[in-house]
>>> print(open('upload06.txt').read())   # compact mmCIF, C-alpha atoms
# COMPACT_ATOMS: atom_id res chain seq x y z
CA MET G 1 -19.72 -11.54 -13.75
CA ALA G 2 -18.66 -8.62 -15.92
CA PRO G 3 -16.63 -9.46 -19.01
CA LEU G 4 -12.93 -8.86 -19.45
CA LEU G 5 -12.37 -5.49 -21.02
CA PHE G 6 -10.66 -5.65 -24.39
CA SER G 7 -9.18 -2.72 -26.24
CA GLY G 8 -12.06 -2.98 -28.71
CA GLY G 9 -12.48 -3.93 -32.37
CA VAL G 10 -11.43 -7.18 -34.03
CA MET G 11 -8.85 -9.10 -32.05
CA SER G 12 -5.47 -9.49 -33.71
CA ASP G 13 -3.43 -12.65 -33.27
CA PHE G 14 -1.37 -10.80 -30.70
CA GLU G 15 -4.47 -9.83 -28.71
CA ARG G 16 -5.70 -13.42 -28.93
CA PHE G 17 -2.38 -14.57 -27.56
CA ARG G 18 -2.49 -11.97 -24.79
CA ALA G 19 -5.94 -13.25 -23.79
CA MET G 20 -4.60 -16.81 -23.73
CA ALA G 21 -1.59 -15.83 -21.65
CA VAL G 22 -3.60 -14.13 -18.91
CA GLU G 23 -5.95 -17.08 -18.65
CA ASP G 24 -3.40 -19.90 -18.89
CA GLN G 25 -1.38 -20.09 -15.68
CA TRP G 26 1.10 -22.57 -17.16
CA LEU G 27 1.78 -20.41 -20.22
CA LEU G 28 2.18 -17.30 -18.10
CA GLU G 29 4.59 -19.04 -15.73
CA ARG G 30 6.64 -20.16 -18.72
CA LEU G 31 6.85 -16.58 -20.03
CA LEU G 32 7.65 -15.24 -16.56
CA ALA G 33 10.79 -17.34 -16.59
CA GLU G 34 12.21 -15.09 -19.33
CA THR G 35 13.71 -12.04 -17.64
CA GLU G 36 15.83 -10.75 -20.50
CA GLU G 37 13.82 -8.78 -23.07
CA ASP G 38 15.10 -10.40 -26.29
CA CYS G 39 14.56 -13.89 -24.87
CA PHE G 40 11.10 -12.88 -23.67
CA VAL G 41 10.11 -11.53 -27.09
CA GLY G 42 11.36 -14.76 -28.68
CA ALA G 43 9.42 -16.83 -26.15
CA VAL G 44 6.20 -14.93 -26.91
CA THR G 45 6.48 -15.30 -30.69
CA GLY G 46 7.43 -18.96 -30.28
CA ALA G 47 4.56 -19.75 -27.90
CA ALA G 48 2.14 -17.92 -30.19
CA ALA G 49 3.36 -19.95 -33.21
CA GLU G 50 2.82 -23.17 -31.22
CA ARG G 51 -0.83 -22.10 -30.97
CA GLY G 52 -1.16 -21.30 -34.64
CA LEU G 53 -0.98 -17.55 -34.14
CA VAL G 54 1.22 -15.19 -36.11
CA VAL G 55 2.80 -12.69 -33.76
CA THR G 56 5.84 -10.69 -34.86
CA THR G 57 8.72 -9.49 -32.72
CA GLU G 58 7.81 -5.92 -33.72
CA GLU G 59 4.28 -6.34 -32.36
CA VAL G 60 5.58 -7.72 -29.08
CA ARG G 61 8.16 -4.97 -28.69
CA ALA G 62 5.59 -2.27 -29.49
CA ALA G 63 3.09 -3.74 -26.99
CA LEU G 64 5.80 -4.07 -24.36
CA GLU G 65 6.78 -0.45 -24.89
CA THR G 66 3.16 0.68 -24.44
CA ALA G 67 2.74 -1.49 -21.34
CA THR G 68 6.03 -0.20 -19.90
CA ARG G 69 4.88 3.36 -20.46
CA SER G 70 1.63 2.65 -18.62
CA TRP G 71 3.59 1.04 -15.77
CA ILE G 72 5.90 4.06 -15.53
CA THR G 73 2.88 6.39 -15.52
CA ARG G 74 1.32 4.39 -12.68
CA GLN G 75 4.49 4.69 -10.60
CA ALA G 76 4.53 8.44 -11.08
CA ARG G 77 0.97 8.87 -9.75
CA MET E 1 -15.26 -16.32 -15.10
CA ILE E 2 -11.86 -14.69 -15.44
CA GLY E 3 -9.17 -16.45 -13.46
CA LEU E 4 -7.73 -13.95 -11.02
CA ASP E 5 -6.04 -16.42 -8.68
CA GLY E 6 -2.50 -15.14 -8.19
CA TRP E 7 -3.43 -11.69 -9.55
CA ILE E 8 -3.48 -8.48 -7.55
CA PRO E 9 -4.93 -5.06 -8.31
CA LEU E 10 -2.26 -2.47 -9.15
CA GLY E 11 -4.55 0.51 -9.23
CA PHE E 12 -7.50 2.16 -10.94
CA ASP E 13 -7.63 3.63 -14.44
CA TRP E 14 -10.20 6.27 -15.20
CA ASP E 15 -11.33 6.37 -18.81
CA GLY E 16 -15.03 6.77 -18.04
CA PRO E 17 -17.42 7.45 -15.19
CA ALA E 18 -16.27 4.39 -13.21
CA PRO E 19 -12.73 3.13 -12.80
CA GLU E 20 -11.29 0.02 -14.40
CA VAL E 21 -9.03 -2.12 -12.30
CA ASP E 22 -5.53 -2.85 -13.58
CA TRP E 23 -4.45 -6.34 -12.43
CA CYS E 24 -0.95 -7.79 -12.35
CA HIS E 25 0.03 -11.44 -11.96
CA LEU E 26 2.06 -11.84 -8.78
CA GLY E 27 1.83 -15.61 -8.37
CA GLY E 28 3.72 -16.78 -5.30
CA MET E 29 5.67 -13.54 -4.78
CA ARG E 30 5.34 -12.21 -1.22
CA PHE E 31 5.24 -8.58 -0.21
CA THR E 32 8.50 -8.41 1.71
CA GLU E 33 9.87 -4.99 0.76
CA PRO E 34 9.30 -1.90 2.93
CA PHE E 35 6.58 -0.59 0.62
CA PHE E 36 4.05 -2.00 -1.88
CA GLU E 37 5.76 -0.07 -4.67
CA ASN E 38 9.14 -1.71 -3.92
CA THR E 39 7.66 -5.19 -4.29
CA MET E 40 5.87 -4.20 -7.48
CA ARG E 41 9.08 -2.78 -8.94
CA ARG E 42 10.77 -6.12 -8.24
CA ALA E 43 7.85 -7.97 -9.83
CA MET E 44 7.90 -5.79 -12.91
CA GLU E 45 11.51 -6.66 -13.64
CA GLN E 46 9.94 -9.59 -15.48
CA PRO E 47 8.60 -8.36 -18.83
CA ALA E 48 5.72 -10.88 -18.78
CA ARG E 49 4.24 -9.11 -15.76
CA VAL E 50 4.46 -5.74 -17.51
CA LEU E 51 2.93 -6.98 -20.76
CA PHE E 52 0.32 -9.45 -19.59
CA ARG E 53 -1.83 -7.39 -17.28
CA GLN E 54 -5.60 -7.46 -17.43
CA LYS E 55 -8.29 -4.93 -16.79
CA THR E 56 -11.67 -5.58 -15.26
CA THR E 57 -14.60 -3.50 -14.24
CA VAL E 58 -14.65 -2.33 -10.64
CA ASP E 59 -17.79 -4.47 -10.21
CA MET E 60 -15.66 -7.54 -10.77
CA LEU E 61 -13.33 -6.42 -7.99
CA GLU E 62 -16.30 -6.28 -5.63
CA GLU E 63 -17.66 -9.61 -6.82
CA ARG E 64 -14.26 -11.22 -6.35
CA ALA E 65 -14.10 -9.87 -2.80
CA ARG E 66 -17.40 -11.61 -2.06
CA ASN E 67 -16.39 -14.92 -3.66
CA HIS E 68 -12.67 -14.94 -2.77
CA PRO E 69 -12.31 -12.86 0.38
CA GLY E 70 -8.87 -14.24 1.16
CA ILE E 71 -7.46 -13.94 4.66
CA PRO E 72 -9.62 -11.68 6.84
CA PRO E 73 -7.63 -8.63 7.95
CA THR E 74 -5.98 -9.19 11.34
CA GLY E 75 -4.89 -5.64 12.08
CA PHE E 76 -4.46 -2.19 10.60
CA VAL E 77 -1.60 0.24 11.15
CA PHE E 78 -2.15 3.99 10.98
CA HIS E 79 0.57 6.50 11.74
CA MET E 80 1.72 10.12 11.59
CA SER E 81 4.75 9.23 9.35
CA ARG E 82 8.44 8.90 10.27
CA CYS E 83 7.49 7.15 13.48
CA GLY E 84 8.34 3.45 13.07
CA SER E 85 5.36 2.20 11.06
CA THR E 86 7.65 0.67 8.43
CA LEU E 87 9.60 -1.04 11.19
CA ILE E 88 6.36 -2.68 12.33
CA SER E 89 5.37 -3.71 8.81
CA GLN E 90 8.84 -5.13 8.14
CA MET E 91 8.78 -7.09 11.39
CA LEU E 92 5.37 -8.51 10.46
CA ALA E 93 6.47 -9.28 6.89
CA ALA E 94 9.43 -11.25 8.25
CA SER E 95 7.01 -14.07 9.10
CA GLU E 96 5.68 -16.21 6.26
CA GLU E 97 2.48 -16.57 8.29
CA ASN E 98 1.66 -12.93 7.55
CA VAL E 99 0.53 -11.09 4.45
CA VAL E 100 1.57 -7.46 4.87
CA ILE E 101 0.55 -4.66 2.54
CA SER E 102 2.45 -1.47 3.22
CA GLU E 103 0.97 1.70 1.72
CA GLY E 104 -0.66 -0.11 -1.20
CA TRP E 105 -1.45 1.96 -4.26
CA PRO E 106 -4.85 0.40 -4.93
CA ILE E 107 -5.89 1.09 -1.35
CA ASP E 108 -5.11 4.76 -1.89
CA ALA E 109 -6.94 4.64 -5.24
CA ALA E 110 -10.10 3.51 -3.45
CA ILE E 111 -9.86 5.75 -0.39
CA SER E 112 -8.90 8.89 -2.30
CA ALA E 113 -11.04 8.33 -5.40
CA ASP E 114 -13.26 11.31 -4.60
CA LEU E 115 -10.34 13.73 -4.38
CA ARG E 116 -9.86 13.48 -8.15
CA HIS E 117 -13.43 12.46 -8.97
CA PRO E 118 -15.75 14.42 -6.66
CA GLU E 119 -18.83 12.60 -7.97
CA ILE E 120 -17.67 9.37 -6.29
CA THR E 121 -19.65 8.67 -3.13
CA ALA E 122 -18.39 7.50 0.25
CA GLU E 123 -20.46 4.35 -0.24
CA GLU E 124 -18.60 3.54 -3.49
CA ARG E 125 -15.23 4.23 -1.86
CA THR E 126 -16.16 1.94 1.02
CA ARG E 127 -17.12 -0.90 -1.35
CA TRP E 128 -13.99 -0.43 -3.46
CA LEU E 129 -11.81 -0.35 -0.37
CA ARG E 130 -13.30 -3.69 0.73
CA GLY E 131 -12.62 -5.03 -2.76
CA VAL E 132 -8.95 -4.04 -2.93
CA VAL E 133 -8.19 -5.03 0.65
CA HIS E 134 -9.63 -8.51 0.08
CA ALA E 135 -7.92 -8.83 -3.32
CA LEU E 136 -4.54 -7.96 -1.78
CA GLY E 137 -5.08 -10.30 1.17
CA GLN E 138 -4.89 -13.52 -0.80
CA PRO E 139 -2.40 -16.11 0.44
CA ARG E 140 0.71 -16.20 -1.74
CA LEU E 141 2.48 -19.27 -0.38
CA GLY E 142 -0.36 -21.03 1.37
CA THR E 143 1.38 -20.63 4.74
CA GLU E 144 -0.27 -17.30 5.59
CA ARG E 145 -2.90 -17.07 8.34
CA ARG E 146 -2.83 -13.38 9.22
CA TYR E 147 -3.16 -10.20 7.19
CA PHE E 148 -1.99 -6.72 8.10
CA VAL E 149 -2.42 -3.46 6.24
CA LYS E 150 -0.25 -0.43 6.88
CA PHE E 151 -2.04 2.60 5.48
CA ASP E 152 -0.58 5.86 4.16
CA ALA E 153 -0.22 8.48 6.91
CA THR E 154 -2.94 10.63 5.32
CA HIS E 155 -5.40 7.72 5.34
CA THR E 156 -5.70 8.27 9.08
CA ILE E 157 -7.99 11.17 8.09
CA ASP E 158 -10.20 8.56 6.40
CA LEU E 159 -10.41 6.30 9.45
CA PRO E 160 -14.23 6.58 9.61
CA LEU E 161 -14.43 5.18 6.05
CA VAL E 162 -11.96 2.38 6.83
CA ARG E 163 -13.91 1.54 9.99
CA ARG E 164 -17.13 1.47 7.99
CA ALA E 165 -15.56 -1.01 5.58
CA PHE E 166 -13.92 -3.12 8.30
CA PRO E 167 -15.59 -2.39 11.63
CA GLN E 168 -14.21 -5.46 13.39
CA VAL E 169 -10.52 -5.02 12.57
CA PRO E 170 -8.41 -3.75 15.49
CA TRP E 171 -6.14 -0.89 14.53
CA ILE E 172 -3.24 1.00 16.01
CA PHE E 173 -2.11 4.58 15.65
CA LEU E 174 1.60 5.05 15.89
CA TYR E 175 2.96 8.46 16.83
CA ARG E 176 6.19 10.12 17.87
CA ASP E 177 7.44 13.34 19.43
CA PRO E 178 6.27 15.85 16.79
CA VAL E 179 9.63 17.65 16.87
CA GLU E 180 11.35 14.51 15.57
CA VAL E 181 8.68 13.93 12.91
CA LEU E 182 8.79 17.52 11.70
CA VAL E 183 12.59 17.56 11.56
CA SER E 184 12.50 14.37 9.50
CA GLN E 185 9.83 15.70 7.12
CA LEU E 186 11.61 19.02 6.61
CA ARG E 187 14.87 17.21 5.95
CA ARG E 188 13.30 14.91 3.34
CA ARG E 189 9.75 15.73 2.40
CA ALA E 190 7.20 13.04 1.64
CA ALA E 191 5.18 13.80 -1.51
CA TRP E 192 1.99 14.37 0.51
CA THR E 193 3.67 17.16 2.47
CA MET E 194 4.35 19.16 -0.67
CA PRO E 195 1.52 21.60 -1.26
CA GLY E 196 -0.22 21.06 -4.57
CA ILE E 197 1.40 17.68 -5.28
CA VAL E 198 -1.02 15.55 -3.28
CA ARG E 199 -4.35 16.86 -2.07
CA VAL E 200 -4.92 16.07 1.59
CA ARG E 201 -8.50 15.88 2.80
CA GLY E 202 -9.43 18.59 5.26
CA VAL E 203 -6.30 20.71 4.89
CA GLY E 204 -6.73 23.83 2.82
CA LEU E 205 -4.13 24.99 0.36
CA THR E 206 -3.14 28.61 0.88
CA ALA E 207 -0.22 30.77 -0.21
CA ALA E 208 1.23 30.29 3.28
CA ALA E 209 1.57 26.56 2.59
CA PHE E 210 4.23 27.38 -0.02
CA ALA E 211 5.93 30.10 1.99
CA GLU E 212 6.10 28.32 5.35
CA PRO E 213 6.74 24.58 4.86
CA GLY E 214 7.09 23.97 8.59
CA GLU E 215 3.67 25.47 9.31
CA TYR E 216 2.02 23.52 6.48
CA VAL E 217 3.55 20.16 7.45
CA ALA E 218 2.55 20.81 11.07
CA ASP E 219 -1.04 21.49 9.90
CA LEU E 220 -1.03 18.14 8.08
CA LEU E 221 0.36 16.28 11.08
CA ALA E 222 -2.20 17.97 13.33
CA ARG E 223 -5.03 16.89 11.04
CA ILE E 224 -3.73 13.30 11.11
CA CYS E 225 -3.37 13.22 14.90
CA GLU E 226 -6.79 14.82 15.44
CA SER E 227 -8.38 12.23 13.15
CA ALA E 228 -6.77 9.37 15.05
CA LEU E 229 -7.94 10.78 18.37
CA GLU E 230 -11.50 11.24 17.08
CA ALA E 231 -11.69 7.70 15.67
CA GLY E 232 -10.03 6.29 18.76
CA SER E 233 -12.95 7.24 20.92
CA GLU E 234 -15.05 4.58 19.17
CA GLY E 235 -13.00 1.56 20.20
CA GLY E 236 -10.90 -1.05 18.43
CA SER E 237 -7.88 1.22 18.74
CA MET E 238 -4.51 1.23 20.43
CA PHE E 239 -2.15 4.21 20.56
CA VAL E 240 1.56 3.40 20.46
CA ASN E 241 4.52 5.74 20.88
CA TYR E 242 7.62 5.22 18.72
CA ARG E 243 9.59 4.88 21.98
CA GLU E 244 7.82 1.58 22.67
CA LEU E 245 9.21 -0.07 19.52
CA PRO E 246 10.14 -2.73 18.78
CA GLY E 247 9.13 -4.25 22.13
CA ALA E 248 5.43 -3.37 21.77
CA VAL E 249 5.17 -5.65 18.71
CA TYR E 250 5.97 -8.67 20.88
CA GLY E 251 3.71 -7.58 23.71
CA ARG E 252 0.75 -5.30 23.59
CA LEU E 253 0.33 -5.25 19.80
CA ALA E 254 0.28 -9.05 19.77
CA SER E 255 -2.50 -9.00 22.37
CA HIS E 256 -4.42 -6.25 20.60
CA TRP E 257 -4.36 -8.17 17.31
CA GLY E 258 -4.85 -11.55 18.96
CA CYS E 259 -1.58 -12.92 17.59
CA PRO E 260 0.42 -15.42 19.59
CA TRP E 261 3.72 -15.22 17.70
CA TYR E 262 5.59 -18.51 17.41
CA GLU E 263 9.22 -18.93 18.35
CA GLY E 264 10.44 -19.10 14.73
CA GLU E 265 8.49 -15.96 13.85
CA LEU E 266 9.86 -14.10 16.84
CA GLN E 267 13.40 -14.85 15.74
CA ARG E 268 12.71 -13.51 12.26
CA MET E 269 11.04 -10.42 13.74
CA HIS E 270 14.07 -9.81 15.96
CA VAL E 271 16.32 -9.90 12.89
CA ALA E 272 14.01 -7.49 11.01
CA ALA E 273 13.96 -5.14 14.02
CA ILE E 274 17.71 -4.62 14.01
CA ARG E 275 17.72 -3.56 10.37
CA ASP E 276 16.88 -0.10 9.05
CA ALA E 277 13.24 -0.65 8.00
CA LYS E 278 13.41 1.52 4.90
CA GLN E 279 16.90 0.35 3.88
CA PRO E 280 17.02 -3.25 5.13
CA GLU E 281 20.61 -3.66 3.91
CA HIS E 282 21.63 -1.22 6.69
CA VAL E 283 21.56 -1.74 10.45
CA PHE E 284 19.07 0.47 12.31
CA SER E 285 20.46 3.23 14.49
CA ALA E 286 18.22 5.28 16.77
CA ASP E 287 18.17 8.92 15.70
CA SER E 288 15.85 10.62 18.17
CA ASP E 289 18.73 12.46 19.86
CA ARG E 290 20.09 13.64 16.52
CA LYS E 291 16.67 14.88 15.41
CA GLN E 292 16.12 16.66 18.70
CA SER E 293 19.50 18.39 18.44
CA GLU E 294 18.77 19.35 14.81
CA ALA E 295 15.50 21.03 15.73
CA GLY E 296 15.84 24.80 15.67
CA GLU E 297 13.85 27.23 17.75
CA ARG E 298 11.37 27.79 14.91
CA VAL E 299 10.55 24.07 14.59
CA ARG E 300 10.11 23.78 18.35
CA GLU E 301 7.82 26.80 18.42
CA ILE E 302 5.64 25.44 15.57
CA CYS E 303 5.41 22.04 17.25
CA SER E 304 4.56 23.52 20.59
CA ARG E 305 1.83 25.74 19.09
CA LYS E 306 0.24 23.29 16.65
CA LEU E 307 1.06 19.82 17.90
CA GLY E 308 1.99 19.98 21.58
CA HIS E 309 -1.57 19.62 22.89
CA LEU E 310 -2.27 16.78 20.46
CA TYR E 311 0.87 14.94 21.52
CA ARG E 312 -0.23 15.18 25.13
CA ARG E 313 -3.67 13.82 24.22
CA LEU E 314 -2.07 10.96 22.29
CA GLU E 315 0.10 10.14 25.29
CA GLY E 316 -3.01 10.17 27.47
CA ARG E 317 -4.84 7.85 25.06
CA ALA E 318 -1.82 5.55 24.85
CA SER E 319 -1.76 5.12 28.60
CA VAL E 320 -5.49 4.28 28.56
CA THR E 321 -5.24 1.77 25.70
CA ALA E 322 -2.18 0.19 27.30
CA ARG E 323 -4.24 -0.92 30.31
>>> encode(input="upload06.txt", output="structure tokens")
Amino acid sequence: MAPLLFSGGVMSDFERFRAMAVEDQWLLERLLAETEEDCFVGAVTGAAAERGLVVTTEEVRAALETATRSWITRQAR
Amino acid sequence: MIGLDGWIPLGFDWDGPAPEVDWCHLGGMRFTEPFFENTMRRAMEQPARVLFRQKTTVDMLEERARNHPGIPPTGFVFHMSRCGSTLISQMLAASEENVVISEGWPIDAAISADLRHPEITAEERTRWLRGVVHALGQPRLGTERRYFVKFDATHTIDLPLVRRAFPQVPWIFLYRDPVEVLVSQLRRRAAWTMPGIVRVRGVGLTAAAFAEPGEYVADLLARICESALEAGSEGGSMFVNYRELPGAVYGRLASHWGCPWYEGELQRMHVAAIRDAKQPEHVFSADSDRKQSEAGERVREICSRKLGHLYRRLEGRASVTAR
């Protein structure tokens, strides 16, 4: 089985959390329940802190913006 | 092993010689909207789905198809556009026993990979198509037993590739009086009918394509109909005229696909059939007469010259496959 592709380099706490979220169905379901952006960002930083990871709201917002841009690009194809 | 249960491929990303697959968590969400993109837009209203996507190699897509094939495809729908294919997919999607993928992006990414990346072989496209079709055909609720794929109109040109990937799956080609299709396309053009926006296999791009939209769209429709007729000679096919809808879904399509619909499903299909397939909040109203009256002399002349003989052949094939 080929490995999951990471963005490369040393993983930040946010990237560690992202890896946990995609592998942990329960955690992902919990985050999916947050539909409003501010609440979602708070839920991510809170869930990361519960796991001993330091993830800032700025990091989450920046990553969400990048992911949204990639989603918009995909729709335009 | 990466857990991909509940995840579906969204499309391919090309940062190197082979694509990476972009996966999105869909969980128990069903594809109920008229098109794949509508369901994905609904899914992406949740920020977690936007942010927590994962990428894998295309090899992993193929491996997953082998280990988690999902529901084997029950039937495929090909069409010449604006001819009731979305009505069929919406009727099928009305039953929770069916998984229905309508014009899925990742399916196009696999089939059309060589149009943007000419080095990609037909063998690779075939394998990737198998991978995405199986990945999209996973049960979402656990109630599903059947799986239907409605392809893009232009994928009819790639029927040999689809048949190579899924030789056992019975397929239909849906068509309509070309005058009505051309009027509809000229009134509101699909992206693939706009020269230079989407490359269509086997249809050359010339200056005339920009100057004479009617001629160009008719060339595209002719290519699609010719491809269906060619592939239809090899079996597994059924040709269905728009006029036969929605009744054919309950009768000859059910037989062709080996689907005995249950009473509850039939009721839900009936409800879906009275709605406008592309705008389900509206009630469907037949518009063949309006389209015929809208057709000018020029449209009729183009249709007669480029599509008339093909329409007659389709009608002939439909009467054969109806037996």
>>> residues_around(input="upload06.txt", residues="E:Ala43", least_positions_apart="3", cutoff="8 Å", atoms="only C-alpha atoms", output="PDB file with C-alpha atoms, keeping the file's coordinate frame")
ATOM      1  CA  LEU E  26       2.060 -11.840  -8.780  1.00  0.00           C
ATOM      2  CA  MET E  29       5.670 -13.540  -4.780  1.00  0.00           C
ATOM      3  CA  THR E  39       7.660  -5.190  -4.290  1.00  0.00           C
ATOM      4  CA  MET E  40       5.870  -4.200  -7.480  1.00  0.00           C
ATOM      5  CA  GLN E  46       9.940  -9.590 -15.480  1.00  0.00           C
ATOM      6  CA  ARG E  49       4.240  -9.110 -15.760  1.00  0.00           C
TER       7      ARG E  49
END
>>> atom_distance(input="upload06.txt", atom1="atom CA of E:Arg290", atom2="atom CA of E:Ala218")
19.7 Å
>>> closest_atom_pairs(input="upload06.txt", of="chain E", to="chain G", cutoff="7 Å", atoms="all atoms listed in the file", output="tab-separated table")
residue	atom	partner	partner_atom	distance
E:Met1	CA	G:Met1	CA	6.7
E:Gly3	CA	G:Glu23	CA	6.1
E:Gln46	CA	G:Thr35	CA	5.0
E:Pro47	CA	G:Thr35	CA	6.4
E:Ala48	CA	G:Leu32	CA	5.3
E:Val50	CA	G:Ala67	CA	6.0
E:Leu51	CA	G:Leu64	CA	5.4
E:Phe52	CA	G:Val22	CA	6.1
E:Lys55	CA	G:Leu5	CA	5.9
E:Thr56	CA	G:Leu4	CA	5.5
E:Thr57	CA	G:Ala2	CA	6.7
E:Met60	CA	G:Ala2	CA	6.1
>>> atom_distance(input="upload06.txt", atom1="atom CA of E:Glu215", atom2="atom CA of E:Ala286")
26.0 Å
>>> atom_distance(input="upload06.txt", atom1="atom CA of E:Leu159", atom2="atom CA of E:Pro139")
25.4 Å
>>> decode(input="upload06.txt", residues="stretch 43-67 of chain G", atoms="N, CA and C atoms", output="PDB file, in the first residue's frame")
ATOM      1  N   ALA G  43     -13.445  24.568  17.480  1.00  0.00           N
ATOM      2  CA  ALA G  43     -13.498  23.115  17.726  1.00  0.00           C
ATOM      3  C   ALA G  43     -12.172  22.455  17.358  1.00  0.00           C
ATOM      4  N   VAL G  44     -11.550  22.941  16.267  1.00  0.00           N
ATOM      5  CA  VAL G  44     -10.261  22.355  15.848  1.00  0.00           C
ATOM      6  C   VAL G  44      -9.183  22.662  16.880  1.00  0.00           C
ATOM      7  N   THR G  45      -9.083  23.930  17.289  1.00  0.00           N
ATOM      8  CA  THR G  45      -8.020  24.278  18.252  1.00  0.00           C
ATOM      9  C   THR G  45      -8.252  23.555  19.581  1.00  0.00           C
ATOM     10  N   GLY G  46      -9.527  23.439  19.967  1.00  0.00           N
ATOM     11  CA  GLY G  46      -9.857  22.751  21.219  1.00  0.00           C
ATOM     12  C   GLY G  46      -9.517  21.268  21.157  1.00  0.00           C
ATOM     13  N   ALA G  47      -9.895  20.622  20.053  1.00  0.00           N
ATOM     14  CA  ALA G  47      -9.628  19.180  19.909  1.00  0.00           C
ATOM     15  C   ALA G  47      -8.126  18.928  19.822  1.00  0.00           C
ATOM     16  N   ALA G  48      -7.405  19.859  19.186  1.00  0.00           N
ATOM     17  CA  ALA G  48      -5.949  19.705  19.103  1.00  0.00           C
ATOM     18  C   ALA G  48      -5.343  19.813  20.508  1.00  0.00           C
ATOM     19  N   ALA G  49      -5.798  20.798  21.290  1.00  0.00           N
ATOM     20  CA  ALA G  49      -5.276  20.988  22.654  1.00  0.00           C
ATOM     21  C   ALA G  49      -5.527  19.743  23.503  1.00  0.00           C
ATOM     22  N   GLU G  50      -6.700  19.117  23.309  1.00  0.00           N
ATOM     23  CA  GLU G  50      -7.013  17.883  24.063  1.00  0.00           C
ATOM     24  C   GLU G  50      -5.986  16.798  23.787  1.00  0.00           C
ATOM     25  N   ARG G  51      -5.353  16.893  22.606  1.00  0.00           N
ATOM     26  CA  ARG G  51      -4.361  15.875  22.215  1.00  0.00           C
ATOM     27  C   ARG G  51      -2.932  16.369  22.426  1.00  0.00           C
ATOM     28  N   GLY G  52      -2.809  17.455  23.160  1.00  0.00           N
ATOM     29  CA  GLY G  52      -1.476  17.961  23.478  1.00  0.00           C
ATOM     30  C   GLY G  52      -0.807  18.686  22.333  1.00  0.00           C
ATOM     31  N   LEU G  53      -1.586  19.140  21.362  1.00  0.00           N
ATOM     32  CA  LEU G  53      -1.020  19.836  20.211  1.00  0.00           C
ATOM     33  C   LEU G  53      -1.371  21.319  20.275  1.00  0.00           C
ATOM     34  N   VAL G  54      -0.432  22.137  19.860  1.00  0.00           N
ATOM     35  CA  VAL G  54      -0.671  23.579  19.874  1.00  0.00           C
ATOM     36  C   VAL G  54      -1.023  24.029  18.458  1.00  0.00           C
ATOM     37  N   VAL G  55      -2.268  24.322  18.268  1.00  0.00           N
ATOM     38  CA  VAL G  55      -2.747  24.776  16.951  1.00  0.00           C
ATOM     39  C   VAL G  55      -3.459  26.106  17.173  1.00  0.00           C
ATOM     40  N   THR G  56      -3.065  27.123  16.432  1.00  0.00           N
ATOM     41  CA  THR G  56      -3.654  28.450  16.632  1.00  0.00           C
ATOM     42  C   THR G  56      -4.829  28.676  15.675  1.00  0.00           C
ATOM     43  N   THR G  57      -5.681  29.608  16.050  1.00  0.00           N
ATOM     44  CA  THR G  57      -6.821  29.934  15.174  1.00  0.00           C
ATOM     45  C   THR G  57      -6.314  30.461  13.832  1.00  0.00           C
ATOM     46  N   GLU G  58      -5.190  31.193  13.863  1.00  0.00           N
ATOM     47  CA  GLU G  58      -4.640  31.742  12.610  1.00  0.00           C
ATOM     48  C   GLU G  58      -4.215  30.617  11.659  1.00  0.00           C
ATOM     49  N   GLU G  59      -3.594  29.589  12.234  1.00  0.00           N
ATOM     50  CA  GLU G  59      -3.170  28.452  11.400  1.00  0.00           C
ATOM     51  C   GLU G  59      -4.382  27.772  10.763  1.00  0.00           C
ATOM     52  N   VAL G  60      -5.417  27.593  11.571  1.00  0.00           N
ATOM     53  CA  VAL G  60      -6.609  26.900  11.052  1.00  0.00           C
ATOM     54  C   VAL G  60      -7.253  27.739   9.955  1.00  0.00           C
ATOM     55  N   ARG G  61      -7.376  29.036  10.217  1.00  0.00           N
ATOM     56  CA  ARG G  61      -8.010  29.909   9.210  1.00  0.00           C
ATOM     57  C   ARG G  61      -7.194  29.932   7.916  1.00  0.00           C
ATOM     58  N   ALA G  62      -5.868  29.999   8.055  1.00  0.00           N
ATOM     59  CA  ALA G  62      -5.018  30.032   6.857  1.00  0.00           C
ATOM     60  C   ALA G  62      -5.159  28.716   6.076  1.00  0.00           C
ATOM     61  N   ALA G  63      -5.157  27.593   6.799  1.00  0.00           N
ATOM     62  CA  ALA G  63      -5.284  26.284   6.122  1.00  0.00           C
ATOM     63  C   ALA G  63      -6.656  26.146   5.472  1.00  0.00           C
ATOM     64  N   LEU G  64      -7.664  26.659   6.154  1.00  0.00           N
ATOM     65  CA  LEU G  64      -9.024  26.579   5.599  1.00  0.00           C
ATOM     66  C   LEU G  64      -9.131  27.423   4.331  1.00  0.00           C
ATOM     67  N   GLU G  65      -8.457  28.581   4.362  1.00  0.00           N
ATOM     68  CA  GLU G  65      -8.480  29.450   3.179  1.00  0.00           C
ATOM     69  C   GLU G  65      -7.809  28.754   1.996  1.00  0.00           C
ATOM     70  N   THR G  66      -6.667  28.113   2.260  1.00  0.00           N
ATOM     71  CA  THR G  66      -5.956  27.387   1.188  1.00  0.00           C
ATOM     72  C   THR G  66      -6.821  26.245   0.654  1.00  0.00           C
ATOM     73  N   ALA G  67      -7.431  25.491   1.584  1.00  0.00           N
ATOM     74  CA  ALA G  67      -8.260  24.354   1.172  1.00  0.00           C
ATOM     75  C   ALA G  67      -9.488  24.832   0.397  1.00  0.00           C
TER      76      ALA G  67
END
